[in-house]
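Coordinates as given in start.txt (compact mmCIF, C-alpha atoms):
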# COMPACT_ATOMS: atom_id res chain seq x y z
CA MET I 205 34.56 -12.04 -12.25
CA PRO I 206 36.67 -13.05 -15.29
CA SER I 207 34.50 -14.20 -18.17
CA ASN I 208 36.67 -17.32 -18.70
CA ALA I 209 35.33 -18.64 -15.39
CA PHE I 210 31.73 -18.77 -16.60
CA LEU I 211 30.07 -22.15 -16.25
CA LEU I 212 27.46 -21.16 -18.83
CA GLU I 213 27.55 -18.32 -21.27
CA GLU I 214 25.18 -16.87 -23.82
CA ARG I 215 25.16 -13.79 -26.01
CA ILE I 216 21.64 -12.43 -26.42
CA PRO I 217 21.00 -10.11 -29.38
CA ALA I 218 18.92 -6.97 -28.81
CA GLY I 219 15.18 -7.65 -28.77
CA CYS I 220 15.36 -11.36 -27.96
CA HIS I 221 14.18 -13.49 -25.06
CA HIS I 222 16.01 -16.04 -22.95
CA ALA I 223 15.56 -17.99 -19.72
CA LEU I 224 17.77 -19.84 -17.31
CA LEU I 225 17.43 -21.76 -14.10
CA LEU I 226 19.77 -20.19 -11.58
CA LYS I 227 20.08 -22.39 -8.53
CA ARG I 228 20.77 -20.95 -5.11
CA GLY I 229 24.34 -19.72 -4.79
CA TYR I 230 24.94 -19.29 -8.51
CA ALA I 231 25.13 -15.82 -9.98
CA LEU I 232 24.32 -14.33 -13.36
CA ARG I 233 26.57 -11.62 -14.72
CA LEU I 234 24.92 -9.48 -17.40
CA THR I 235 27.10 -7.20 -19.53
CA ASP I 236 25.75 -4.52 -21.85
CA LEU I 237 28.41 -4.83 -24.53
CA SER I 238 27.23 -1.92 -26.71
CA GLY I 239 25.97 0.43 -24.00
CA ASP I 240 22.64 0.75 -25.82
CA GLY I 241 21.17 -2.38 -24.28
CA ASN I 242 18.29 -3.02 -21.90
CA VAL I 243 17.57 -6.24 -20.06
CA GLY I 244 14.02 -6.71 -18.87
CA LEU I 245 13.98 -9.32 -16.11
CA LEU I 246 11.32 -11.42 -14.42
CA ALA I 247 12.20 -13.90 -11.69
CA PHE I 248 10.28 -16.82 -10.16
CA ASN I 249 10.95 -19.27 -7.36
CA ALA I 250 11.64 -22.35 -9.49
CA ASP I 251 10.35 -24.62 -6.70
CA GLU I 252 7.00 -22.77 -6.43
CA ARG I 253 6.44 -20.63 -9.45
CA SER I 254 3.50 -18.68 -8.06
CA GLU I 255 6.20 -16.88 -6.06
CA ARG I 256 7.72 -14.18 -8.23
CA TYR I 257 9.56 -10.88 -8.38
CA ASN I 258 7.42 -8.13 -6.89
CA MET I 259 8.30 -4.59 -7.86
CA ALA I 260 6.30 -2.90 -5.10
CA ASP I 261 7.62 -5.11 -2.29
CA THR I 262 11.18 -4.62 -3.57
CA LEU I 263 10.81 -0.85 -3.59
CA LYS I 264 9.11 -0.33 -0.26
CA ALA I 265 11.30 -2.78 1.68
CA GLN I 266 14.43 -0.92 0.58
CA HIS I 267 12.98 2.61 0.34
CA THR I 268 14.14 2.93 -3.24
CA HIS I 269 12.80 3.13 -6.77
CA LYS I 270 16.13 2.25 -8.36
CA LEU I 271 18.08 -0.99 -8.17
CA ALA I 272 21.81 -0.84 -7.48
CA LEU I 273 24.65 -2.60 -5.68
CA GLY I 274 23.43 -3.96 -2.33
CA ASN I 275 19.75 -4.15 -3.30
CA VAL I 276 17.83 -7.38 -3.63
CA LEU I 277 14.88 -8.27 -5.85
CA TYR I 278 12.15 -9.42 -3.47
CA SER I 279 9.49 -11.96 -4.24
CA ASP I 280 5.90 -11.38 -3.18
CA MET I 281 6.54 -13.87 -0.35
CA GLY I 282 9.06 -11.83 1.62
CA ARG I 283 12.15 -13.56 0.29
CA PRO I 284 14.96 -12.22 -1.90
CA LEU I 285 15.11 -13.99 -5.26
CA LEU I 286 18.21 -12.23 -6.54
CA SER I 287 20.85 -10.07 -4.83
CA ILE I 288 22.81 -7.40 -6.66
CA MET I 289 26.26 -8.48 -5.47
CA GLY I 290 28.14 -6.50 -8.11
CA ASP I 291 27.15 -3.52 -10.25
CA SER I 292 29.17 -1.12 -12.41
CA PHE I 293 26.04 0.70 -13.63
CA GLY I 294 24.43 2.23 -10.54
CA TRP I 295 20.75 2.84 -11.28
CA HIS I 296 18.51 0.23 -12.87
CA ASP I 297 14.85 1.05 -13.62
CA THR I 298 11.93 -0.67 -11.87
CA ILE I 299 8.87 1.40 -12.76
CA CYS I 300 8.42 1.44 -16.56
CA GLY I 301 7.59 -2.15 -17.50
CA THR I 302 8.17 -3.24 -21.07
CA THR I 303 7.18 -2.55 -24.67
CA ASN I 304 4.45 -4.09 -26.80
CA ALA I 305 4.18 -4.44 -30.57
CA ALA I 306 2.27 -1.17 -31.08
CA MET I 307 4.79 0.81 -29.02
CA ILE I 308 7.71 -0.64 -30.99
CA GLU I 309 6.05 0.15 -34.32
CA ALA I 310 5.23 3.69 -33.17
CA THR I 311 8.83 4.32 -32.11
CA TYR I 312 10.83 2.44 -34.72
CA GLY I 313 8.44 1.85 -37.61
CA LEU I 314 6.97 -1.34 -39.05
CA ASN I 315 9.65 -3.97 -39.49
CA ASP I 316 8.06 -7.37 -38.99
CA PHE I 317 9.33 -10.84 -39.83
CA GLN I 318 7.87 -10.82 -43.34
CA LEU I 319 9.83 -7.66 -44.10
CA ALA I 320 13.02 -8.28 -42.18
CA ARG I 321 13.23 -11.98 -41.37
CA ASN I 322 15.16 -12.46 -38.14
CA SER I 323 16.23 -8.86 -37.82
CA TYR I 324 12.61 -7.89 -37.27
CA TYR I 325 11.85 -5.49 -34.41
CA ARG I 326 10.81 -7.58 -31.44
CA ASN I 327 8.97 -6.29 -28.38
CA GLY I 328 9.21 -7.12 -24.70
CA ARG I 329 5.65 -8.20 -24.01
CA ASP I 330 5.63 -10.82 -26.74
CA GLY I 331 9.15 -11.98 -25.86
CA PHE I 332 8.25 -12.43 -22.21
CA LEU I 333 5.11 -14.38 -23.15
CA MET I 334 6.99 -16.62 -25.58
CA GLU I 335 9.49 -17.43 -22.85
CA LEU I 336 6.94 -17.74 -20.01
CA GLY I 337 4.93 -20.14 -22.17
CA ARG I 338 7.91 -22.49 -22.36
CA TRP I 339 7.79 -22.88 -18.58
CA GLY I 340 4.06 -23.36 -18.17
CA LEU I 341 3.47 -19.73 -17.28
CA GLY I 342 1.40 -17.08 -19.05
CA ARG I 343 -0.21 -13.67 -19.05
CA ARG I 344 -1.04 -13.83 -15.34
CA ASP I 345 2.67 -14.17 -14.62
CA LEU I 346 3.76 -11.20 -16.69
CA VAL I 347 4.19 -8.76 -13.81
CA PRO I 348 6.17 -5.50 -13.84
CA ASN I 349 9.74 -6.37 -14.77
CA ALA I 350 13.02 -4.76 -13.78
CA ASN I 351 15.00 -3.03 -16.55
CA PHE I 352 18.75 -3.42 -16.18
CA PHE I 353 21.02 -0.89 -17.89
CA SER I 354 18.27 1.74 -18.11
CA THR I 355 18.15 4.67 -15.69
CA VAL I 356 14.80 6.40 -15.17
CA THR I 357 14.76 9.51 -13.02
CA VAL I 358 11.80 11.18 -11.33
CA ASP I 359 11.46 14.93 -10.70
CA ASP I 360 9.67 16.67 -7.81
CA GLU I 361 6.34 16.61 -9.70
CA GLY I 362 6.65 12.91 -10.43
CA ASN I 363 7.58 13.25 -14.11
CA ILE I 364 9.82 10.47 -15.36
CA GLY I 365 12.51 10.36 -18.03
CA LEU I 366 15.14 8.00 -19.41
CA SER I 367 18.58 9.32 -18.47
CA GLU I 368 21.43 9.68 -20.98
CA SER I 369 23.65 8.02 -18.40
CA SER I 370 21.97 4.77 -19.44
CA TYR I 371 24.53 4.60 -22.26
CA GLN I 372 27.50 2.81 -20.67
CA PRO I 373 29.30 0.36 -22.99
CA GLY I 374 30.60 -2.60 -21.02
CA ALA I 375 28.40 -1.95 -17.97
CA TRP I 376 27.76 -5.09 -15.93
CA VAL I 377 25.67 -6.31 -13.05
CA GLU I 378 25.90 -9.52 -11.01
CA LEU I 379 22.73 -11.16 -9.68
CA ARG I 380 23.12 -13.93 -7.12
CA ALA I 381 20.27 -16.39 -6.62
CA GLU I 382 19.02 -16.63 -3.02
CA LEU I 383 16.38 -19.24 -3.94
CA ASN I 384 16.33 -21.60 -6.90
CA VAL I 385 15.32 -18.99 -9.44
CA LEU I 386 13.80 -19.15 -12.90
CA VAL I 387 15.12 -16.02 -14.62
CA ILE I 388 13.25 -14.76 -17.69
CA LEU I 389 14.98 -12.12 -19.79
CA SER I 390 13.95 -9.84 -22.64
CA THR I 391 16.50 -7.65 -24.38
CA ALA I 392 13.83 -5.55 -26.09
CA PRO I 393 14.48 -1.80 -25.85
CA HIS I 394 13.35 0.17 -22.81
CA PRO I 395 9.85 1.63 -23.23
CA LEU I 396 11.15 5.19 -22.88
CA ARG I 397 13.98 4.75 -25.40
CA GLU I 398 13.57 6.96 -28.45
CA GLY I 399 13.84 5.94 -32.10
CA PRO I 400 14.26 5.84 -34.92
CA ALA I 401 17.10 3.28 -34.85
CA TYR I 402 16.27 -0.04 -33.16
CA PRO I 403 19.17 -1.10 -30.88
CA GLU I 404 21.64 -3.64 -32.23
CA GLY I 405 24.02 -4.51 -29.39
CA GLU I 406 24.36 -7.82 -27.61
CA ILE I 407 24.01 -8.71 -23.94
CA GLU I 408 26.47 -11.20 -22.50
CA ALA I 409 24.93 -13.49 -19.87
CA GLY I 410 27.43 -15.57 -17.91
CA VAL I 411 26.78 -17.83 -14.93
CA PHE I 412 29.30 -18.46 -12.16
CA TRP I 413 29.31 -19.99 -8.69
CA ALA I 414 29.06 -17.28 -6.05
CA GLY I 415 29.09 -19.56 -3.03
CA GLU I 416 27.57 -19.37 0.41
CA VAL I 417 26.38 -15.97 1.57
CA PRO I 418 28.54 -14.80 4.51
CA ALA I 419 26.94 -13.07 7.51
CA SER I 420 28.77 -9.90 6.49
CA ASP I 421 27.33 -9.95 2.94
CA LEU I 422 26.73 -6.50 1.48
CA CYS I 423 23.15 -7.19 0.36
CA ARG I 424 22.20 -9.02 3.54
CA THR I 425 23.52 -6.27 5.82
CA ALA I 426 22.27 -3.36 3.69
CA CYS I 427 19.29 -2.82 6.03
CA GLY I 428 17.28 -4.58 8.72
CA GLU I 429 14.66 -5.40 6.10
CA ASN I 430 17.17 -7.40 4.07
CA GLN I 431 18.42 -9.22 7.20
CA ARG I 432 14.89 -10.45 7.79
CA GLY I 433 14.40 -11.21 4.10
CA PHE I 434 17.49 -13.43 4.09
CA GLU I 435 16.19 -15.16 7.22
CA ASN I 436 12.95 -15.84 5.35
CA ALA I 437 14.94 -17.32 2.45
CA GLU I 438 16.84 -19.59 4.83
CA ALA I 439 13.54 -20.76 6.31
CA TRP I 440 12.48 -21.89 2.82
CA PHE I 441 15.43 -24.34 2.87
CA ALA I 442 15.06 -25.32 6.54
CA LEU I 443 13.75 -28.80 5.74
CA PRO I 444 16.36 -30.33 3.39
CA ASP I 445 15.79 -33.57 1.47
CA GLY I 446 16.81 -36.58 3.53
CA GLY I 447 16.50 -34.84 6.88
CA PRO I 448 18.65 -32.28 8.71
CA LYS I 449 22.39 -32.33 8.20
CA ALA I 450 24.33 -33.76 11.13
CA MET M 104 -29.31 13.35 -14.46
CA SER M 105 -27.36 10.43 -13.14
CA THR M 106 -28.87 7.82 -10.83
CA LEU M 107 -27.17 6.51 -7.72
CA LEU M 108 -27.03 2.72 -8.16
CA ARG M 109 -25.22 1.71 -5.04
CA GLN M 110 -23.81 3.18 -1.85
CA GLU M 111 -21.88 1.13 0.67
CA THR M 112 -19.62 1.69 3.62
CA ILE M 113 -16.49 -0.44 3.58
CA ARG M 114 -15.54 -0.94 7.19
CA ALA M 115 -11.95 -0.46 8.33
CA GLY M 116 -9.85 -3.46 7.34
CA ASP M 117 -12.53 -5.04 5.11
CA PRO M 118 -12.41 -6.37 1.53
CA PHE M 119 -14.87 -5.30 -1.17
CA MET M 120 -15.46 -6.35 -4.77
CA ALA M 121 -18.00 -5.14 -7.32
CA ARG M 122 -18.69 -4.88 -11.02
CA ILE M 123 -18.64 -1.48 -12.71
CA ASN M 124 -20.01 -1.32 -16.24
CA ALA M 125 -18.67 0.87 -19.02
CA GLY M 126 -19.83 4.46 -18.58
CA GLN M 127 -20.63 4.11 -14.90
CA ARG M 128 -19.02 6.47 -12.41
CA VAL M 129 -17.60 5.42 -9.06
CA ARG M 130 -16.59 7.57 -6.10
CA LEU M 131 -14.42 6.51 -3.17
CA VAL M 132 -14.67 8.77 -0.13
CA ASP M 133 -11.99 8.93 2.55
CA THR M 134 -14.60 9.64 5.21
CA GLU M 135 -12.34 10.30 8.19
CA GLY M 136 -9.09 11.09 6.35
CA ASN M 137 -5.71 9.45 5.71
CA GLU M 138 -7.13 6.03 4.88
CA ALA M 139 -5.23 4.04 2.26
CA VAL M 140 -7.66 2.30 -0.10
CA ASP M 141 -5.78 -0.48 -1.89
CA THR M 142 -7.56 -0.91 -5.22
CA PHE M 143 -7.15 -3.16 -8.25
CA PHE M 144 -9.13 -3.64 -11.46
CA PHE M 145 -9.84 -6.43 -13.92
CA ASN M 146 -11.54 -6.48 -17.29
CA ALA M 147 -14.84 -8.10 -16.25
CA GLU M 148 -15.03 -10.17 -19.45
CA ASP M 149 -11.37 -11.28 -19.48
CA PRO M 150 -9.77 -11.06 -16.03
CA ARG M 151 -6.38 -11.93 -17.50
CA GLU M 152 -6.47 -8.28 -18.50
CA ARG M 153 -5.86 -6.28 -15.34
CA TYR M 154 -4.65 -2.97 -14.03
CA SER M 155 -0.96 -2.33 -14.69
CA ALA M 156 0.86 0.20 -12.53
CA VAL M 157 3.90 0.37 -14.82
CA ASP M 158 1.88 0.83 -18.01
CA THR M 159 -0.11 3.58 -16.30
CA VAL M 160 3.11 5.33 -15.20
CA ARG M 161 4.81 4.80 -18.55
CA ARG M 162 1.91 6.10 -20.62
CA GLN M 163 1.41 9.32 -18.62
CA ARG M 164 5.17 9.72 -17.95
CA ASN M 165 4.41 10.41 -14.30
CA VAL M 166 4.36 8.27 -11.16
CA TYR M 167 1.43 9.94 -9.37
CA LEU M 168 -2.27 9.44 -10.10
CA THR M 169 -4.77 12.31 -10.16
CA THR M 170 -7.53 13.88 -12.27
CA GLY M 171 -6.94 12.99 -15.92
CA THR M 172 -4.92 9.86 -15.22
CA GLU M 173 -5.94 6.96 -17.41
CA LEU M 174 -5.68 3.66 -15.53
CA VAL M 175 -4.05 1.40 -18.09
CA SER M 176 -4.23 -2.39 -18.35
CA ASN M 177 -1.49 -4.91 -19.05
CA GLU M 178 -2.80 -4.88 -22.64
CA ASP M 179 -2.21 -1.12 -22.81
CA ARG M 180 -5.90 -0.27 -22.87
CA THR M 181 -7.68 2.25 -20.67
CA LEU M 182 -9.76 0.61 -17.96
CA LEU M 183 -10.98 3.77 -16.24
CA THR M 184 -10.13 7.47 -16.06
CA ILE M 185 -9.87 9.55 -12.90
CA VAL M 186 -12.33 12.40 -13.51
CA ASP M 187 -12.31 14.14 -10.12
CA ASP M 188 -9.90 14.17 -7.21
CA THR M 189 -10.12 16.40 -4.14
CA CYS M 190 -7.06 14.75 -2.55
CA GLY M 191 -4.60 15.62 -5.32
CA ARG M 192 -2.28 12.67 -5.57
CA HIS M 193 -2.41 8.89 -5.20
CA ASP M 194 0.21 6.16 -5.16
CA THR M 195 0.62 3.17 -7.45
CA LEU M 196 4.14 1.94 -6.62
CA GLY M 197 3.80 0.97 -2.95
CA GLY M 198 1.73 -2.15 -3.56
CA ALA M 199 -0.35 -3.89 -0.93
CA CYS M 200 0.66 -5.03 2.53
CA ALA M 201 0.98 -8.76 3.20
CA SER M 202 2.01 -10.99 6.07
CA GLU M 203 5.19 -11.82 4.22
CA SER M 204 6.26 -8.27 3.42
CA ASN M 205 5.32 -7.21 6.96
CA THR M 206 7.94 -9.64 8.33
CA VAL M 207 10.53 -8.01 6.07
CA ARG M 208 9.54 -4.41 6.65
CA TYR M 209 8.85 -4.46 10.39
CA ALA M 210 9.55 -7.64 12.37
CA HIS M 211 8.93 -11.37 12.17
CA ASP M 212 6.25 -11.06 14.87
CA ARG M 213 4.07 -8.91 12.57
CA LYS M 214 3.31 -11.93 10.40
CA PHE M 215 -0.12 -12.60 11.87
CA MET M 216 -1.50 -9.10 11.55
CA HIS M 217 -4.37 -8.58 9.09
CA SER M 218 -3.27 -7.46 5.63
CA CYS M 219 -4.46 -6.25 2.24
CA ARG M 220 -3.25 -9.46 0.60
CA ASP M 221 -5.56 -11.46 2.87
CA ASN M 222 -8.43 -9.18 1.87
CA PHE M 223 -7.59 -9.37 -1.84
CA LEU M 224 -7.37 -13.17 -1.85
CA LEU M 225 -10.55 -13.61 0.16
CA ALA M 226 -12.56 -11.26 -2.06
CA LEU M 227 -11.19 -12.82 -5.27
CA LEU M 228 -11.81 -16.42 -4.21
CA ASN M 229 -15.30 -15.60 -2.99
CA TRP M 230 -16.02 -13.94 -6.34
CA ASN M 231 -14.70 -16.75 -8.53
CA GLU M 232 -12.41 -19.61 -7.64
CA ASP M 233 -10.58 -19.29 -10.95
CA PHE M 234 -8.78 -16.34 -9.39
CA SER M 235 -5.52 -16.86 -7.53
CA LYS M 236 -2.55 -14.88 -6.27
CA ARG M 237 -1.16 -15.00 -9.81
CA ASP M 238 -3.91 -12.58 -10.86
CA LEU M 239 -2.66 -9.85 -8.57
CA GLY M 240 -0.16 -7.16 -9.42
CA PRO M 241 0.91 -3.81 -8.04
CA ASN M 242 -2.28 -1.94 -7.18
CA ILE M 243 -3.39 1.64 -6.64
CA ASN M 244 -3.30 3.12 -3.15
CA PHE M 245 -5.88 5.85 -3.18
CA PHE M 246 -5.29 8.60 -0.59
CA MET M 247 -1.79 7.26 0.15
CA ASN M 248 1.30 9.44 -0.07
CA VAL M 249 4.43 7.70 -1.36
CA PRO M 250 6.85 10.37 -2.59
CA LEU M 251 9.73 9.43 -4.87
CA SER M 252 12.91 11.49 -4.73
CA ALA M 253 15.31 12.61 -7.45
CA ASP M 254 18.11 10.56 -5.87
CA GLY M 255 16.14 7.32 -6.30
CA GLY M 256 14.44 7.13 -2.90
CA LEU M 257 10.87 6.13 -2.04
CA ARG M 258 9.13 6.44 1.31
CA PHE M 259 5.71 6.13 2.92
CA ALA M 260 4.93 9.62 4.18
CA ASP M 261 2.16 11.17 6.22
CA GLY M 262 -1.02 11.42 4.24
CA ILE M 263 -2.11 14.46 2.25
CA SER M 264 -5.74 13.36 2.34
CA GLY M 265 -8.35 14.54 4.84
CA PRO M 266 -11.91 13.87 6.03
CA GLY M 267 -14.37 13.78 3.14
CA LYS M 268 -11.78 13.89 0.35
CA TYR M 269 -12.73 11.74 -2.59
CA VAL M 270 -11.68 10.42 -5.96
CA GLU M 271 -14.03 9.74 -8.86
CA LEU M 272 -13.52 7.43 -11.82
CA VAL M 273 -15.42 6.61 -15.00
CA ALA M 274 -15.13 3.11 -16.48
CA HIS M 275 -14.17 2.74 -20.16
CA MET M 276 -15.05 -0.96 -20.19
CA ASP M 277 -16.87 -3.36 -17.90
CA VAL M 278 -14.50 -3.87 -14.98
CA LEU M 279 -14.30 -5.56 -11.61
CA ILE M 280 -13.10 -3.36 -8.77
CA LEU M 281 -11.22 -5.08 -5.94
CA ILE M 282 -10.67 -3.11 -2.74
CA SER M 283 -8.91 -3.69 0.53
CA ASN M 284 -9.61 -0.97 3.05
CA CYS M 285 -6.07 -1.13 4.36
CA PRO M 286 -5.62 -2.54 7.89
CA GLN M 287 -1.91 -1.61 8.14
CA LEU M 288 -0.96 -0.43 11.65
CA ASN M 289 2.82 -0.32 11.18
CA ASN M 290 3.21 2.78 9.00
CA PRO M 291 1.43 6.10 8.42
CA CYS M 292 -0.44 4.98 5.28
CA SER M 293 -3.69 4.87 7.26
CA GLY M 294 -2.64 7.31 9.93
CA PHE M 295 -2.04 4.37 12.32
CA ASN M 296 -5.83 4.33 12.64
CA PRO M 297 -7.73 2.58 9.81
CA THR M 298 -11.19 4.05 9.22
CA PRO M 299 -14.17 3.31 6.95
CA VAL M 300 -14.46 4.44 3.33
CA GLU M 301 -17.56 5.03 1.26
CA PHE M 302 -18.22 3.46 -2.15
CA LEU M 303 -20.75 5.15 -4.43
CA LEU M 304 -21.76 4.10 -7.95
CA TRP M 305 -23.76 6.10 -10.50
CA ASP M 306 -25.03 5.04 -13.90
CA ALA M 307 -23.21 7.95 -15.52
As structure tokens:
Amino acid sequence: MPSNAFLLEERIPAGCHHALLLKRGYALRLTDLSGDGNVGLLAFNADERSERYNMADTLKAQHTHKLALGNVLYSDMGRPLLSIMGDSFGWHDTICGTTNAAMIEATYGLNDFQLARNSYYRNGRDGFLMELGRWGLGRRDLVPNANFFSTVTVDDEGNIGLSESSYQPGAWVELRAELNVLVILSTAPHPLREGPAYPEGEIEAGVFWAGEVPASDLCRTACGENQRGFENAEAWFALPDGGPKA
Amino acid sequence: MSTLLRQETIRAGDPFMARINAGQRVRLVDTEGNEAVDTFFFNAEDPRERYSAVDTVRRQRNVYLTTGTELVSNEDRTLLTIVDDTCGRHDTLGGACASESNTVRYAHDRKFMHSCRDNFLLALLNWNEDFSKRDLGPNINFFMNVPLSADGGLRFADGISGPGKYVELVAHMDVLILISNCPQLNNPCSGFNPTPVEFLLWDA
């Protein structure tokens, strides 16, 4: 996807929050320009915002705890919100959530607005809330987020760790909307990232038209579960405005 | 000497909700073995504060729950601590079953089977109508075995629990406990045979 074909484009500095309405068939390409980035993501059905990304349903439907090419992000209502139609990175975290102010201060030191003006160290929890609040949502809607561009591995005893392979300058991922999706992003550092330097890189967020999903689509055909999930998404649109198409 | 305040059997497939005050001790008994007990917690005074699976995993740097695990809220505070566990390991990433996820995981015709989401919503709305689906998040599955693999996999495996195994927790603040005694018949989480569980509450 060449970046000059983006219909919308934004560069999000590390630590900040952002939202966009991604209608069905459009895709969001996120690029970690510095390699040190993390993109926390929440997703809601824009037409019924009590329907939202559900970490547990996403994991168990696809027998995975990582997100990668071919996976979808399921809502709690059995429908894919976003499909990973392209991915140079390979293993995005789902199980660590985000940071709060105390965690950021403990890892990076105190650097608030009074001290640092707009280069202050922001945290994911507050960023998500500030963005959710703009859309009439709140603390109840702050569910476990996905973390793009951060790889978290699990050993046989269940111990987790942030992998060094998370550092991939230029890594990108493409997320196609299967419903009309409100995407909420936080570029605050991953909760397992170590200090003392707060990340500085930018995330490029570009939107393009991905088009109709073919029957042979990689995400749709990845497993029987996803076939049924896509059927559930189609059922959501089964009653179009103005009656059925001829 | 602690006093038993309450003892109840939660029948197979039933919801349950109760208040547990700070310092009180609760025990859940897997009476017949291999019964998934889907469990969630709220701060009783501010239910917007609730159990958070990812904060629990992140703080202890481990995905499995057992003795010593602090159950952490979305405000990064400890709700309860697991103080005894004769099963050895519990899941918090598999979530609860629902009609909708059953259609995805198994078949469209499984939609009308009973589910933990139905139990959760019924118990919450009977408790207080201010609750809604928005108040739910990934829960704990006591006695359920969901191993994660080093290559990124996750599966629902045969249980490691057995008859009479139990888990015990002490509350750090006044909490509400929300339970669905899991009615799932499509995977081994309840041994394809849901059975009753026992709830016991002591003052200390």
Open item on the list: Please list as a list of chain:residue names every residue within 12 Å of region 397-401 of chain I, counting only C-alpha atoms and excluding residues in the same chain fewer than 5 positions away.
Closed with: I:Asp240, I:Gly241, I:Asn242, I:Cys300, I:Thr302, I:Thr303, I:Met307, I:Ile308, I:Glu309, I:Ala310, I:Thr311, I:Tyr312, I:Gly313, I:Leu314, I:Asn315, I:Tyr325, I:Asn351, I:Phe353, I:Ser354, I:Thr355, I:Val356, I:Gly365, I:Leu366, I:Ser367, I:Glu368, I:Ser370, I:Tyr371, I:Ala392, M:Arg161
- [ ] Rank M:Phe215, M:Phe246, M:Phe143, M:Phe259 by their smallest atom-to-atom distance to chain I, using all atoms listed in the file, and report the top residue only.
- [x] M:Phe259
- [ ] For chain I, report every residue with an atom at most 6 Å from chain M (counting all atoms listed in the file), formatted as a list of chain:residue names.
- [x] I:Ala260, I:Ala265, I:His267, I:Thr268, I:His269, I:Lys270, I:Met281, I:Gly282, I:Ile299, I:Cys300, I:Gly301, I:Arg344, I:Val358, I:Asp359, I:Gly362, I:Asn363, I:Ile364, I:Glu429, I:Arg432, I:Gly433
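CA of Arg424 (chain I) to CA of Leu232 (chain I) spans 17.8 Å [interatomic distance, one decimal].
In this structure, CA of Thr134 (chain M) sits 10.4 Å away from CA of Ile113 (chain M).
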Task: Gap from CA of Val186 (chain M) to CA of Arg220 (chain M) - Å, one decimal - done: 27.6 Å
TODO: Show which residues sit within 8 Å of Leu227 (chain M), as number ranges by chain. Count only C-alpha atoms, and ignore same-chain residues fewer than 5 positions away.
DONE: M: 120, 232, 234-235, 281
- [ ] Would you please work out which residue, of M:Asp194, M:Asp141, M:Glu173, M:Glu301, is nearest to Pro266 (chain M) when using all atoms listed in the file?
- [x] M:Glu301
- [ ] Kindly provide, as an MDAnalysis selection string, the polymer residues lying within 7 Å of (-9.1, -0.6, -0.4), counting only C-alpha atoms and using the coordinates exactly as they appear in the file.
- [x] chainID M and resid 118 139:142 282:285
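For region 416-419 of chain I, the set of protein, DNA and RNA residues having any atom at most 12 Å away, when counting all atoms listed in the file and skipping those fewer than 2 positions along the same chain, is Arg228, Gly229, Tyr230, Ala231, Ser287, Met289, Arg380, Ala381, Glu382, Leu383, Trp413, Ala414, Asp421, Leu422, Cys423, Arg424, Thr425, Ala426, Asn430, Gln431, Phe434, Glu435, Ala437 and Glu438 of chain I.
Closest approach to Gly274 (chain I) from the set I:Glu214, I:Ser292, I:Tyr257, I:Leu245 is made by I:Ser292, with distances taken over all atoms listed in the file.
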Open item on the list: From (-18.5, 1.3, -16.8), in the file's coordinates, out to 8 Å: which residues are reached, counting all atoms listed in the file? Answer as an NGL selection string.
Closed with: :M and (123-128 or 183 or 273-278)
TODO: Write out as a PyMOL selection string which residues come within 10 Å of Val411 (chain I) when counting only C-alpha atoms, dropping same-chain ones fewer than 6 positions away.
DONE: chain I and resi 207+209-214+224+226+230-234+378-380
- [ ] Find the residues around Ile407 (chain I) up to 9 Å (all atoms listed in the file counted), leave out those fewer than 2 positions away in its own chain, and share them as an MDAnalysis selection string.
- [x] chainID I and resid 214:218 234:238 241:243 391 405 409
TODO: Kindly indicate which residue among I:Val347, I:Ala247, I:Ala442, I:Leu396 lies nearest to Tyr154 (chain M), using only C-alpha atoms for the distances.
DONE: I:Val347
Axis-aligned box for region 212-230 of chain M, 8 Å per side, centre and edges in Å as AutoDock Vina command-line options:
--center_x -4.9 --center_y -11.3 --center_z 4.3 --size_x 38.3 --size_y 26.2 --size_z 37.2
